[in-house]
file start-v5.txt (compact mmCIF, C-alpha atoms)
# COMPACT_ATOMS: atom_id res chain seq x y z
CA MET A 1 -80.80 -118.85 144.99
CA PRO A 2 -83.38 -120.43 147.31
CA SER A 3 -83.03 -117.76 150.01
CA SER A 4 -85.41 -114.86 149.50
CA SER A 5 -84.44 -112.36 152.21
CA TYR A 6 -81.12 -110.64 152.80
CA ILE A 7 -79.76 -108.11 155.26
CA ILE A 8 -76.68 -106.21 154.15
CA VAL A 9 -75.02 -104.36 157.02
CA GLY A 10 -72.98 -101.37 155.87
CA ALA A 11 -73.71 -99.03 152.96
CA GLY A 12 -70.15 -98.49 151.81
CA VAL A 13 -68.58 -99.79 148.60
CA PHE A 14 -69.17 -103.50 149.26
CA GLY A 15 -72.63 -103.09 150.77
CA THR A 16 -73.99 -100.66 148.20
CA SER A 17 -72.62 -102.63 145.25
CA THR A 18 -73.97 -105.89 146.70
CA ALA A 19 -77.42 -104.39 147.23
CA LEU A 20 -77.48 -103.12 143.63
CA HIS A 21 -76.38 -106.38 142.03
CA LEU A 22 -78.46 -108.60 144.30
CA LYS A 23 -81.70 -106.71 143.71
CA THR A 24 -80.98 -106.35 139.98
CA GLN A 25 -80.33 -110.06 139.50
CA TYR A 26 -83.09 -111.18 141.88
CA PRO A 27 -85.86 -108.58 141.71
CA ASN A 28 -88.17 -110.60 143.93
CA ALA A 29 -85.65 -110.90 146.73
CA ASP A 30 -86.26 -108.97 149.93
CA VAL A 31 -83.06 -106.93 150.32
CA THR A 32 -82.49 -104.62 153.31
CA LEU A 33 -79.47 -102.33 153.54
CA ILE A 34 -78.67 -101.13 157.07
CA ASP A 35 -76.21 -98.38 157.92
CA ARG A 36 -75.65 -96.22 160.98
CA HIS A 37 -75.79 -93.12 158.75
CA ASP A 38 -78.51 -91.66 156.54
CA PRO A 39 -77.89 -92.00 152.78
CA ASP A 40 -77.26 -88.27 152.49
CA ALA A 41 -75.08 -87.96 155.61
CA PRO A 42 -72.49 -85.19 155.10
CA THR A 43 -69.63 -87.24 156.53
CA ARG A 44 -68.77 -90.79 157.55
CA PRO A 45 -65.56 -92.24 159.00
CA ALA A 46 -65.04 -94.71 156.15
CA ALA A 47 -62.36 -94.21 153.54
CA SER A 48 -65.10 -94.64 150.91
CA TRP A 49 -66.82 -91.42 152.03
CA ASP A 50 -64.25 -89.08 150.59
CA TRP A 51 -63.82 -86.15 148.23
CA ASN A 52 -62.33 -88.26 145.47
CA LYS A 53 -60.71 -91.63 144.89
CA VAL A 54 -58.29 -93.09 142.37
CA VAL A 55 -59.80 -95.28 139.64
CA ARG A 56 -57.12 -97.41 138.01
CA ALA A 57 -56.33 -100.88 136.75
CA ASP A 58 -52.61 -100.47 137.36
CA TYR A 59 -51.89 -103.61 139.38
CA ARG A 60 -48.96 -105.98 139.65
CA ASP A 61 -51.50 -108.69 140.38
CA ILE A 62 -53.19 -109.72 137.15
CA THR A 63 -56.42 -110.82 138.88
CA TYR A 64 -57.06 -107.41 140.40
CA CYS A 65 -55.93 -105.84 137.13
CA ARG A 66 -58.62 -107.80 135.29
CA ILE A 67 -61.40 -106.96 137.74
CA ALA A 68 -60.34 -103.31 137.88
CA LEU A 69 -60.56 -103.16 134.08
CA GLU A 70 -64.13 -104.48 134.35
CA ALA A 71 -64.85 -101.73 136.86
CA GLN A 72 -63.27 -99.07 134.64
CA ASP A 73 -65.46 -100.14 131.74
CA GLU A 74 -68.47 -99.45 133.97
CA TRP A 75 -67.05 -96.11 135.11
CA ARG A 76 -66.77 -95.09 131.47
CA ILE A 77 -70.05 -96.29 129.97
CA ASN A 78 -72.63 -96.79 132.73
CA PRO A 79 -74.64 -93.56 133.17
CA LEU A 80 -75.00 -94.30 136.88
CA TRP A 81 -71.23 -93.97 137.31
CA ASN A 82 -69.72 -92.07 134.37
CA GLN A 83 -71.07 -88.71 135.56
CA PHE A 84 -68.58 -88.95 138.45
CA TYR A 85 -65.56 -90.27 136.55
CA HIS A 86 -62.63 -88.20 135.25
CA GLU A 87 -60.03 -89.94 133.06
CA THR A 88 -57.07 -87.68 133.77
CA GLY A 89 -54.40 -90.36 133.56
CA ILE A 90 -51.94 -91.45 136.23
CA TYR A 91 -48.26 -90.70 136.84
CA TRP A 92 -46.81 -93.50 138.96
CA ILE A 93 -43.38 -93.14 140.53
CA SER A 94 -42.15 -96.59 141.58
CA ARG A 95 -38.88 -98.12 142.72
CA THR A 96 -39.91 -101.75 142.20
CA GLY A 97 -40.24 -102.43 138.48
CA PHE A 98 -43.97 -101.84 138.82
CA ALA A 99 -44.37 -100.12 135.44
CA GLN A 100 -43.31 -103.11 133.35
CA ARG A 101 -45.48 -105.50 135.38
CA VAL A 102 -48.55 -103.36 134.65
CA ILE A 103 -47.70 -103.14 130.95
CA ASP A 104 -47.25 -106.93 130.82
CA ASN A 105 -50.61 -107.50 132.55
CA PHE A 106 -52.48 -105.29 130.11
CA LYS A 107 -50.85 -107.13 127.21
CA THR A 108 -51.69 -110.56 128.68
CA LEU A 109 -55.31 -109.49 129.16
CA GLY A 110 -55.48 -108.18 125.61
CA ARG A 111 -56.29 -104.63 126.63
CA ASP A 112 -55.09 -101.71 124.56
CA ALA A 113 -54.28 -98.56 126.49
CA GLU A 114 -52.15 -95.46 126.21
CA LEU A 115 -49.76 -96.96 128.69
CA TYR A 116 -45.99 -96.79 128.81
CA ALA A 117 -42.91 -96.61 131.03
CA LEU A 118 -40.64 -93.61 130.62
CA PRO A 119 -37.15 -92.86 131.94
CA VAL A 120 -37.26 -90.30 134.72
CA GLN A 121 -35.63 -87.51 132.72
CA GLU A 122 -38.24 -87.82 130.00
CA ALA A 123 -41.18 -88.29 132.36
CA ARG A 124 -40.43 -85.22 134.45
CA THR A 125 -40.97 -82.97 131.44
CA LEU A 126 -44.59 -84.10 131.00
CA TYR A 127 -47.66 -82.18 132.18
CA GLY A 128 -45.86 -78.87 131.96
CA GLY A 129 -43.10 -80.14 134.23
CA ILE A 130 -45.26 -80.03 137.39
CA PHE A 131 -43.54 -83.19 138.68
CA ASP A 132 -39.99 -82.09 137.84
CA SER A 133 -39.08 -81.69 141.53
CA ALA A 134 -40.62 -84.97 142.74
CA ASP A 135 -38.59 -87.52 144.69
CA TYR A 136 -37.08 -89.84 142.06
CA GLU A 137 -34.36 -91.36 144.21
CA GLY A 138 -33.92 -94.99 143.20
CA VAL A 139 -36.48 -94.69 140.39
CA ASP A 140 -35.66 -96.02 136.93
CA LYS A 141 -38.98 -95.73 135.08
CA VAL A 142 -42.23 -93.84 135.63
CA LEU A 143 -45.52 -95.46 134.63
CA ILE A 144 -47.81 -93.28 132.54
CA ASN A 145 -51.34 -94.59 131.98
CA LYS A 146 -53.59 -92.13 130.19
CA THR A 147 -56.60 -94.42 130.80
CA SER A 148 -56.57 -94.18 134.61
CA GLY A 149 -58.22 -91.39 136.57
CA TRP A 150 -60.40 -90.60 139.55
CA ALA A 151 -64.01 -90.33 140.63
CA ALA A 152 -66.00 -88.18 143.04
CA ALA A 153 -66.19 -90.67 145.89
CA LYS A 154 -69.02 -89.55 148.14
CA ASP A 155 -71.18 -88.44 145.22
CA ALA A 156 -70.81 -91.77 143.42
CA LEU A 157 -71.54 -93.77 146.55
CA GLN A 158 -74.64 -91.71 147.32
CA ALA A 159 -75.85 -92.21 143.74
CA GLY A 160 -75.39 -95.95 144.14
CA ILE A 161 -77.40 -95.98 147.37
CA LYS A 162 -80.15 -93.94 145.75
CA ARG A 163 -80.34 -96.30 142.78
CA ALA A 164 -80.54 -99.29 145.14
CA ILE A 165 -83.45 -97.69 146.98
CA ASP A 166 -85.14 -96.81 143.68
CA ILE A 167 -85.11 -100.45 142.52
CA GLY A 168 -86.62 -101.69 145.76
CA VAL A 169 -83.88 -102.12 148.35
CA LYS A 170 -85.09 -101.13 151.82
CA TYR A 171 -82.74 -98.72 153.58
CA ILE A 172 -82.72 -98.56 157.37
CA THR A 173 -80.68 -96.05 159.35
CA ALA A 174 -79.69 -97.87 162.54
CA GLU A 175 -76.65 -99.16 164.38
CA VAL A 176 -76.29 -102.91 164.70
CA GLU A 177 -75.31 -104.01 168.20
CA PHE A 178 -75.34 -107.80 167.87
CA LEU A 179 -75.95 -110.54 165.37
CA ALA A 180 -79.00 -112.68 166.18
CA PHE A 181 -78.91 -116.49 166.22
CA ASP A 182 -81.57 -119.17 166.57
CA ASP A 183 -78.98 -121.54 168.02
CA GLU A 184 -75.20 -121.58 168.19
CA THR A 185 -74.70 -121.88 164.44
CA ARG A 186 -77.47 -120.19 162.43
CA CYS A 187 -77.48 -116.41 162.04
CA ILE A 188 -81.05 -115.22 161.55
CA GLY A 189 -80.79 -111.45 161.77
CA VAL A 190 -79.38 -108.43 163.52
CA ARG A 191 -80.28 -106.65 166.75
CA MET A 192 -80.06 -102.86 166.86
CA ILE A 193 -78.89 -100.76 169.78
CA ASP A 194 -82.55 -99.77 170.35
CA GLY A 195 -83.37 -103.44 171.00
CA ASN A 196 -85.24 -104.10 167.76
CA THR A 197 -84.35 -107.21 165.76
CA ILE A 198 -84.64 -107.61 162.00
CA ALA A 199 -84.61 -111.13 160.59
CA ALA A 200 -83.51 -112.50 157.21
CA ASP A 201 -82.35 -115.75 155.66
CA ARG A 202 -78.87 -114.44 154.98
CA ILE A 203 -76.85 -111.74 156.72
CA ILE A 204 -73.97 -110.10 154.83
CA LEU A 205 -71.51 -108.00 156.81
CA CYS A 206 -70.07 -105.19 154.67
CA THR A 207 -69.08 -103.25 157.75
CA GLY A 208 -65.57 -102.10 156.86
CA ALA A 209 -63.51 -100.85 159.79
CA PHE A 210 -66.27 -101.84 162.22
CA THR A 211 -66.15 -105.52 161.20
CA PRO A 212 -63.43 -106.78 163.58
CA ALA A 213 -65.12 -105.24 166.64
CA LEU A 214 -68.55 -106.58 165.64
CA LEU A 215 -67.18 -110.10 165.19
CA GLU A 216 -65.27 -109.88 168.46
CA LYS A 217 -68.46 -108.80 170.22
CA THR A 218 -70.32 -111.66 168.56
CA ALA A 219 -67.74 -114.14 169.85
CA ASP A 220 -68.10 -112.78 173.38
CA HIS A 221 -71.90 -112.79 173.17
CA THR A 222 -72.13 -116.37 171.88
CA SER A 223 -69.07 -117.77 173.72
CA HIS A 224 -67.98 -119.05 170.31
CA ASP A 225 -64.35 -118.15 169.61
CA ALA A 226 -64.59 -119.15 165.95
CA PHE A 227 -66.24 -115.78 165.22
CA ARG A 228 -63.14 -113.83 166.29
CA PRO A 229 -61.24 -112.12 163.48
CA GLN A 230 -57.87 -113.14 164.92
CA LYS A 231 -55.20 -111.86 162.53
CA ARG A 232 -57.38 -111.98 159.41
CA MET A 233 -58.32 -108.30 159.44
CA ILE A 234 -57.73 -105.06 161.28
CA ALA A 235 -59.31 -101.60 161.33
CA ALA A 236 -56.73 -99.14 160.04
CA GLY A 237 -56.58 -95.42 159.41
CA VAL A 238 -54.77 -93.08 157.03
CA THR A 239 -54.72 -89.29 156.86
CA THR A 240 -55.67 -86.98 154.01
CA GLY A 241 -55.50 -83.22 153.54
CA LEU A 242 -56.31 -80.52 151.01
CA VAL A 243 -54.36 -77.67 149.42
CA THR A 244 -56.21 -74.77 147.81
CA LEU A 245 -54.26 -73.54 144.81
CA ASP A 246 -54.25 -69.90 143.76
CA GLN A 247 -55.78 -69.22 140.36
CA GLU A 248 -52.45 -68.95 138.54
CA THR A 249 -51.19 -72.25 139.94
CA ALA A 250 -54.54 -73.90 139.32
CA GLU A 251 -54.28 -72.98 135.65
CA THR A 252 -50.89 -74.70 135.49
CA PHE A 253 -52.35 -77.79 137.16
CA LYS A 254 -55.59 -78.07 135.19
CA GLU A 255 -54.29 -81.02 133.11
CA MET A 256 -52.75 -82.74 136.12
CA PRO A 257 -53.07 -86.54 136.39
CA VAL A 258 -53.29 -88.60 139.55
CA CYS A 259 -49.78 -89.04 140.98
CA ILE A 260 -48.78 -91.96 143.21
CA GLN A 261 -45.38 -92.21 144.85
CA GLU A 262 -44.62 -95.80 145.81
CA ASN A 263 -42.33 -95.61 148.80
CA PRO A 264 -39.45 -97.71 150.04
CA THR A 265 -40.71 -100.29 152.54
CA GLU A 266 -39.28 -98.46 155.54
CA ARG A 267 -41.22 -95.29 154.67
CA GLY A 268 -44.67 -96.80 154.21
CA PRO A 269 -46.93 -98.10 151.44
CA SER A 270 -47.46 -95.05 149.22
CA ASN A 271 -48.47 -91.44 149.20
CA GLY A 272 -49.87 -89.31 146.46
CA THR A 273 -52.22 -86.67 145.20
CA LEU A 274 -55.29 -86.25 143.03
CA PRO A 275 -56.09 -83.50 140.50
CA PRO A 276 -57.92 -80.30 141.47
CA ILE A 277 -61.57 -80.53 142.43
CA GLU A 278 -63.91 -77.63 143.12
CA LYS A 279 -62.36 -74.52 144.62
CA ASN A 280 -59.01 -75.52 143.03
CA GLN A 281 -58.31 -78.02 145.80
CA ILE A 282 -55.94 -80.96 145.43
CA LYS A 283 -55.95 -83.86 147.88
CA PHE A 284 -52.92 -85.59 149.38
CA TRP A 285 -52.78 -88.77 151.42
CA GLY A 286 -50.09 -89.73 153.88
CA GLN A 287 -47.91 -92.81 154.06
CA SER A 288 -48.45 -93.87 157.67
CA ILE A 289 -51.09 -96.54 158.37
CA PHE A 290 -52.19 -96.87 162.00
CA GLN A 291 -54.55 -98.78 164.24
CA PHE A 292 -56.53 -97.73 167.32
CA PRO A 293 -56.91 -100.62 169.81
CA GLN A 294 -59.77 -100.16 172.28
CA GLY A 295 -61.48 -102.00 175.12
CA VAL A 296 -60.44 -105.11 176.99
CA SER A 297 -59.94 -107.08 173.78
CA GLY A 298 -57.69 -104.42 172.27
CA ILE A 299 -59.49 -104.67 168.93
CA SER A 300 -58.75 -101.73 166.63
CA GLN A 301 -61.75 -99.65 165.57
CA PRO A 302 -62.53 -96.01 164.76
CA PRO A 303 -62.71 -93.66 167.76
CA THR A 304 -66.13 -93.20 169.35
CA GLY A 305 -66.03 -89.41 169.71
CA THR A 306 -68.02 -86.88 167.71
CA GLU A 307 -67.86 -87.83 164.01
CA TYR A 308 -65.41 -90.52 165.09
CA ASN A 309 -62.73 -87.89 165.78
CA GLN A 310 -61.95 -87.97 162.06
CA TRP A 311 -61.16 -84.25 161.98
CA GLU A 312 -58.94 -84.37 165.09
CA VAL A 313 -55.61 -85.01 163.45
CA PRO A 314 -52.35 -84.84 165.44
CA GLN A 315 -49.43 -82.80 164.17
CA THR A 316 -47.48 -85.99 163.52
CA LEU A 317 -50.03 -87.08 160.93
CA LYS A 318 -50.35 -83.61 159.44
CA ALA A 319 -46.60 -83.74 158.90
CA ASP A 320 -47.05 -87.16 157.33
CA VAL A 321 -49.43 -85.68 154.73
CA ALA A 322 -46.92 -82.88 154.08
CA VAL A 323 -44.39 -85.57 153.09
CA ALA A 324 -46.70 -86.45 150.19
CA SER A 325 -46.61 -82.84 148.99
CA LYS A 326 -42.83 -82.68 149.17
CA ALA A 327 -42.35 -86.11 147.54
CA THR A 328 -44.68 -85.18 144.68
CA PHE A 329 -43.98 -81.51 144.00
CA GLY A 330 -40.76 -80.72 145.88
CA LYS A 331 -40.06 -77.00 146.08
CA ARG A 332 -43.23 -76.15 144.16
CA GLY A 333 -45.24 -76.84 147.30
CA ASN A 334 -43.00 -74.99 149.78
CA ASP A 335 -45.53 -72.23 150.37
CA TRP A 336 -48.67 -74.35 150.24
CA LYS A 337 -50.82 -74.64 153.34
CA ILE A 338 -52.37 -78.08 153.78
CA HIS A 339 -55.75 -77.88 155.51
CA THR A 340 -58.93 -79.87 156.20
CA HIS A 341 -57.02 -82.90 157.41
CA ARG A 342 -59.14 -86.02 157.86
CA ILE A 343 -58.57 -89.55 159.18
CA CYS A 344 -60.17 -92.21 156.96
CA TRP A 345 -60.84 -95.73 158.28
CA GLU A 346 -60.72 -99.01 156.39
CA CYS A 347 -60.56 -102.74 157.10
CA VAL A 348 -57.28 -104.29 155.97
CA THR A 349 -56.12 -107.88 155.55
CA PRO A 350 -52.49 -109.03 155.90
CA ASN A 351 -52.11 -109.69 152.17
CA GLU A 352 -54.51 -106.90 151.05
CA ASP A 353 -56.95 -109.39 149.50
CA PHE A 354 -60.65 -108.85 150.13
CA ILE A 355 -62.75 -111.22 152.22
CA ILE A 356 -65.86 -112.34 150.31
CA SER A 357 -66.91 -115.55 151.99
CA GLN A 358 -69.36 -117.41 154.15
CA HIS A 359 -68.28 -117.28 157.78
CA PRO A 360 -67.50 -120.91 158.66
CA ALA A 361 -68.76 -120.46 162.24
CA SER A 362 -72.35 -119.78 161.18
CA VAL A 363 -74.91 -120.85 158.64
CA GLY A 364 -76.46 -117.76 157.10
CA LEU A 365 -73.60 -115.36 157.90
CA PHE A 366 -71.40 -113.95 155.15
CA ILE A 367 -68.53 -111.46 155.07
CA ALA A 368 -67.89 -109.05 152.19
CA THR A 369 -65.43 -106.36 153.18
CA CYS A 370 -61.74 -105.54 153.68
CA GLY A 371 -61.07 -103.12 150.83
CA SER A 372 -57.53 -102.77 152.21
CA PHE A 373 -57.22 -99.19 150.91
CA HIS A 374 -57.62 -100.25 147.27
CA GLY A 375 -61.22 -101.47 147.09
CA TRP A 376 -63.11 -98.26 146.30
CA LYS A 377 -62.53 -98.34 142.52
CA PHE A 378 -64.44 -101.65 142.34
CA LEU A 379 -67.73 -100.02 143.40
CA PRO A 380 -69.51 -100.71 140.08
CA VAL A 381 -68.67 -104.44 139.99
CA ILE A 382 -67.66 -105.90 143.36
CA GLY A 383 -71.27 -106.68 144.27
CA ARG A 384 -71.46 -109.02 141.28
CA TYR A 385 -68.73 -111.14 142.87
CA VAL A 386 -70.47 -111.08 146.24
CA VAL A 387 -73.65 -112.37 144.59
CA GLN A 388 -71.62 -115.09 142.88
CA MET A 389 -70.26 -116.10 146.26
CA LEU A 390 -73.82 -116.29 147.63
CA GLU A 391 -74.91 -118.37 144.63
CA GLY A 392 -71.93 -120.70 144.89
CA SER A 393 -70.84 -119.70 141.37
CA LEU A 394 -67.73 -117.66 142.25
CA GLU A 395 -64.74 -118.92 140.30
CA SER A 396 -62.65 -121.33 142.33
CA ASP A 397 -59.47 -119.27 142.44
CA LEU A 398 -61.32 -116.21 143.75
CA GLY A 399 -63.24 -118.32 146.24
CA LYS A 400 -59.97 -119.58 147.69
CA ARG A 401 -58.29 -116.19 147.55
CA TRP A 402 -61.13 -114.33 149.28
CA ALA A 403 -62.04 -117.10 151.75
CA TRP A 404 -62.36 -116.42 155.47
CA ASP A 405 -60.13 -119.37 156.37
CA ARG A 406 -57.42 -118.87 153.74
CA PRO A 407 -53.78 -119.22 154.86
CA LEU A 408 -52.30 -116.08 156.36
CA PRO A 409 -48.89 -114.76 155.28
CA ASP A 410 -45.98 -114.86 157.70
CA ASN A 411 -45.43 -111.12 157.25
CA PRO A 412 -48.27 -108.67 156.61
CA GLY A 413 -48.13 -106.40 153.57
CA LYS A 414 -47.36 -102.70 153.45
CA GLU A 415 -50.97 -101.61 154.13
CA TRP A 416 -51.03 -103.39 157.51
CA PRO A 417 -50.81 -100.73 160.25
CA ARG A 418 -47.43 -100.21 161.84
CA HIS A 419 -48.40 -97.36 164.16
CA ASN A 420 -50.81 -96.88 167.05
CA LEU A 421 -52.97 -93.76 166.88
CA ARG A 422 -52.62 -93.31 170.64
CA ASP A 423 -48.88 -92.91 170.25
CA LEU A 424 -49.42 -90.17 167.67
CA PHE A 425 -51.57 -88.01 169.97
CA ASP A 426 -50.58 -86.08 173.04
CA SER A 427 -54.09 -86.92 174.26
CA ILE A 428 -57.31 -88.24 172.78
call {"tool": "encode", "arguments": {"input": "start-v5.txt", "output": "C-alpha cells"}}
result
Amino acid sequence: MPSSSYIIVGAGVFGTSTALHLKTQYPNADVTLIDRHDPDAPTRPAASWDWNKVVRADYRDITYCRIALEAQDEWRINPLWNQFYHETGIYWISRTGFAQRVIDNFKTLGRDAELYALPVQEARTLYGGIFDSADYEGVDKVLINKTSGWAAAKDALQAGIKRAIDIGVKYITAEVEFLAFDDETRCIGVRMIDGNTIAADRIILCTGAFTPALLEKTADHTSHDAFRPQKRMIAAGVTTGLVTLDQETAETFKEMPVCIQENPTERGPSNGTLPPIEKNQIKFWGQSIFQFPQGVSGISQPPTGTEYNQWEVPQTLKADVAVASKATFGKRGNDWKIHTHRICWECVTPNEDFIISQHPASVGLFIATCGSFHGWKFLPVIGRYVVQMLEGSLESDLGKRWAWDRPLPDNPGKEWPRHNLRDLFDSI
C-alpha cells in the first residue's frame, strides 16, 4: 500500500486486530492505536471488555461460518490466543432448524467436527442432565458441537494490545473529539478533546458503540450530511450477570458447555450462559437489546456517567437476565442469586453484517466496526480482512456485503434494539 501512516481509533476487537495485522504485514508502516482507555484499564463499556465470550463457528450463514472457522484455528494453535481459549463445546437450543443448517455448512466447507443434532429427549440427558429442565417448547433438535467453546475476553484483548505495542504500534490514551480534514473531502487526522491533533494518511474508525455519535458530530462539524450514519448502525446495549455456584454444584457443572437458547422472535434474539470461570461463577446474558438516544440528534450512545453507568442496571433488565437462567436450567436455578449485573455496549447493523469499508464521503476515512453482538470471536483474524479492504484486495462478495453504502433491509434483524434504556429506568 502506498500510504505509510495510519491512525486506528478504538482498541477493541476490530481496532486491536487491525493494528496487529497491519503492522505485521507492513512493518515499516507508522501505525497509531488511539483509545480513551489505558491498555490495562479494569473496565470499559464495550461488549468486548468482558469476563468471557463465546467462540464458535456455528452459523446459518456459510460466509461467517467459514471466517469463524479460520478464527477458531487461530484460537487453537496461535500461542498469542490459545492460552485464553477453552474448547468446552456448545449446547444450542433452537426452534428454527438451525442445527441442520450448521451441519450442512461444515460439510460444504469440508470441515470435520464432533457435531450433531439430537432429539430433545436424548440431548437433555447429556452433561449429567444439567439442561434437563431447560425450555424446550417448540424445539425439535438440539445442536451439539464439541469443537466450540469460549475465551477469556478481557485477557485476550489485553494480550492483543500488548503484542501490537511490542511489534511497534504506538498506543495513545486519549478521547477523539473530531475528525480533522484539509478540505471538505480528505480526512487527515483526529483532534482530541485536549485540542491536540494527530495526522495520518488514513484514519480507521473502530469505535464500536461510539461510532454513530462520532459520525453524527462529524456531519454537524463539516455541514456534510453524507457522514451521518442514518439507519446503517446503532449503539445498542445488552445486560449480563453472574451466579456464584456452591462447591457441590460447581463440581456437577465442571464439564458444562456453552449453552445458547435461541428465542422466538417476540421474546428477543437469544439468551444463554457460559461455563464456570474463577470463583465458580457462570455468566448469563439477557434477551433484551436496547438503545439510549441522547442529545438533540437523538443518536444512541453509551451513557456519559461514571464508567458509562454500566453497573447501574434497572430491575427490569436484571429480571431479563434471570429469564436466561430459567430458560437454561429451569428449577435448578431457583435458589441462585444473580449478581454483578453489567450493561455491555456494541454497534449493530440492521442485518448484523459488519461494516468494513471506506467512507464514501471522505478520502482517507475508513470504517471497521459493527460487531453486532457476534464479532468478538473473530479477534484473531478480522484485522486481516480490514487490511485487505485497505489494500483493495478484499474479495468482491465481502466488499459488497460489508460496504458502507450497501442496501438496507426493510426490517432490521433480531439484534436491532427494540427497547429504550430510558423506559427501563425509573430515573437515570
call {"tool": "closest_atom_pairs", "arguments": {"input": "start-v5.txt", "of": "stretch 269-363 of chain A", "to": "stretch 118-139 of chain A", "cutoff": "12 Å", "atoms": "all atoms listed in the file", "output": "Markdown table"}}
result
| residue | atom | partner | partner_atom | distance |
| --- | --- | --- | --- | --- |
| A:Asn271 | CA | A:Asp135 | CA | 11.5 |
| A:Gly272 | CA | A:Ala134 | CA | 10.9 |
| A:Thr273 | CA | A:Phe131 | CA | 11.4 |
| A:Pro275 | CA | A:Ile130 | CA | 11.8 |
| A:Val323 | CA | A:Asp135 | CA | 10.4 |
| A:Ala324 | CA | A:Ala134 | CA | 9.7 |
| A:Ser325 | CA | A:Ala134 | CA | 8.9 |
| A:Lys326 | CA | A:Ala134 | CA | 7.2 |
| A:Ala327 | CA | A:Asp135 | CA | 4.9 |
| A:Thr328 | CA | A:Ala134 | CA | 4.5 |
| A:Phe329 | CA | A:Ala134 | CA | 5.0 |
| A:Gly330 | CA | A:Ser133 | CA | 4.8 |
| A:Lys331 | CA | A:Ser133 | CA | 6.6 |
| A:Arg332 | CA | A:Ser133 | CA | 7.4 |
| A:Gly333 | CA | A:Ser133 | CA | 9.7 |
| A:Asn334 | CA | A:Ser133 | CA | 11.3 |
call {"tool": "atom_distance", "arguments": {"input": "start-v5.txt", "atom1": "atom CA of A:Arg66", "atom2": "atom CA of A:Ala117"}}
result
19.8 Å
call {"tool": "closest_residue", "arguments": {"input": "start-v5.txt", "among": "A:Leu20, A:Ile260, A:Ala68, A:Cys206", "to": "A:Leu80", "atoms": "only C-alpha atoms"}}
result
A:Leu20
call {"tool": "closest_atom_pairs", "arguments": {"input": "start-v5.txt", "of": "stretch 81-128 of chain A", "to": "stretch 50-62 of chain A", "cutoff": "9 Å", "atoms": "all atoms listed in the file", "output": "Markdown table"}}
result
| residue | atom | partner | partner_atom | distance |
| --- | --- | --- | --- | --- |
| A:Tyr85 | CA | A:Val55 | CA | 8.2 |
| A:His86 | CA | A:Val55 | CA | 8.8 |
| A:Glu87 | CA | A:Val55 | CA | 8.5 |
| A:Gly89 | CA | A:Arg56 | CA | 8.8 |
| A:Ile90 | CA | A:Arg56 | CA | 8.1 |
| A:Phe98 | CA | A:Arg60 | CA | 6.5 |
| A:Ala99 | CA | A:Asp58 | CA | 8.5 |
| A:Gln100 | CA | A:Arg60 | CA | 8.9 |
| A:Arg101 | CA | A:Arg60 | CA | 5.5 |
| A:Val102 | CA | A:Arg60 | CA | 5.7 |
| A:Ile103 | CA | A:Asp58 | CA | 8.5 |
| A:Asn105 | CA | A:Ile62 | CA | 5.7 |
| A:Phe106 | CA | A:Ile62 | CA | 8.3 |
| A:Thr108 | CA | A:Ile62 | CA | 8.6 |
| A:Leu109 | CA | A:Ile62 | CA | 8.3 |
call {"tool": "closest_residue", "arguments": {"input": "start-v5.txt", "among": "A:Ile198, A:Leu390, A:Ala236, A:Ile277", "to": "A:Ile343", "atoms": "only C-alpha atoms"}}
result
A:Ala236
call {"tool": "closest_residue", "arguments": {"input": "start-v5.txt", "among": "A:Arg202, A:Arg384, A:Arg342, A:Lys146", "to": "A:Ile188", "atoms": "all atoms listed in the file"}}
result
A:Arg202
call {"tool": "atom_distance", "arguments": {"input": "start-v5.txt", "atom1": "atom CA of A:Leu424", "atom2": "atom CA of A:Trp311"}}
result
14.3 Å
call {"tool": "residues_near_point", "arguments": {"input": "start-v5.txt", "point": "(-58.1, -94.1, 161.1)", "cutoff": "10 Å", "atoms": "all atoms listed in the file", "output": "JSON list (two decimals) with C-alpha atoms, in the coordinates of the input"}}
result
[["chain", "number", "residue", "atom", "x", "y", "z"],
["A", 45, "PRO", "CA", -65.56, -92.24, 159.00],
["A", 46, "ALA", "CA", -65.04, -94.71, 156.15],
["A", 47, "ALA", "CA", -62.36, -94.21, 153.54],
["A", 209, "ALA", "CA", -63.51, -100.85, 159.79],
["A", 235, "ALA", "CA", -59.31, -101.60, 161.33],
["A", 236, "ALA", "CA", -56.73, -99.14, 160.04],
["A", 237, "GLY", "CA", -56.58, -95.42, 159.41],
["A", 238, "VAL", "CA", -54.77, -93.08, 157.03],
["A", 239, "THR", "CA", -54.72, -89.29, 156.86],
["A", 289, "ILE", "CA", -51.09, -96.54, 158.37],
["A", 290, "PHE", "CA", -52.19, -96.87, 162.00],
["A", 291, "GLN", "CA", -54.55, -98.78, 164.24],
["A", 292, "PHE", "CA", -56.53, -97.73, 167.32],
["A", 300, "SER", "CA", -58.75, -101.73, 166.63],
["A", 301, "GLN", "CA", -61.75, -99.65, 165.57],
["A", 302, "PRO", "CA", -62.53, -96.01, 164.76],
["A", 303, "PRO", "CA", -62.71, -93.66, 167.76],
["A", 308, "TYR", "CA", -65.41, -90.52, 165.09],
["A", 309, "ASN", "CA", -62.73, -87.89, 165.78],
["A", 310, "GLN", "CA", -61.95, -87.97, 162.06],
["A", 313, "VAL", "CA", -55.61, -85.01, 163.45],
["A", 342, "ARG", "CA", -59.14, -86.02, 157.86],
["A", 343, "ILE", "CA", -58.57, -89.55, 159.18],
["A", 344, "CYS", "CA", -60.17, -92.21, 156.96],
["A", 345, "TRP", "CA", -60.84, -95.73, 158.28],
["A", 346, "GLU", "CA", -60.72, -99.01, 156.39],
["A", 347, "CYS", "CA", -60.56, -102.74, 157.10],
["A", 417, "PRO", "CA", -50.81, -100.73, 160.25],
["A", 420, "ASN", "CA", -50.81, -96.88, 167.05],
["A", 421, "LEU", "CA", -52.97, -93.76, 166.88]]
call {"tool": "closest_residue", "arguments": {"input": "start-v5.txt", "among": "A:Trp285, A:Ile7, A:Thr24, A:Asn280", "to": "A:Thr197", "atoms": "only C-alpha atoms"}}
result
A:Ile7
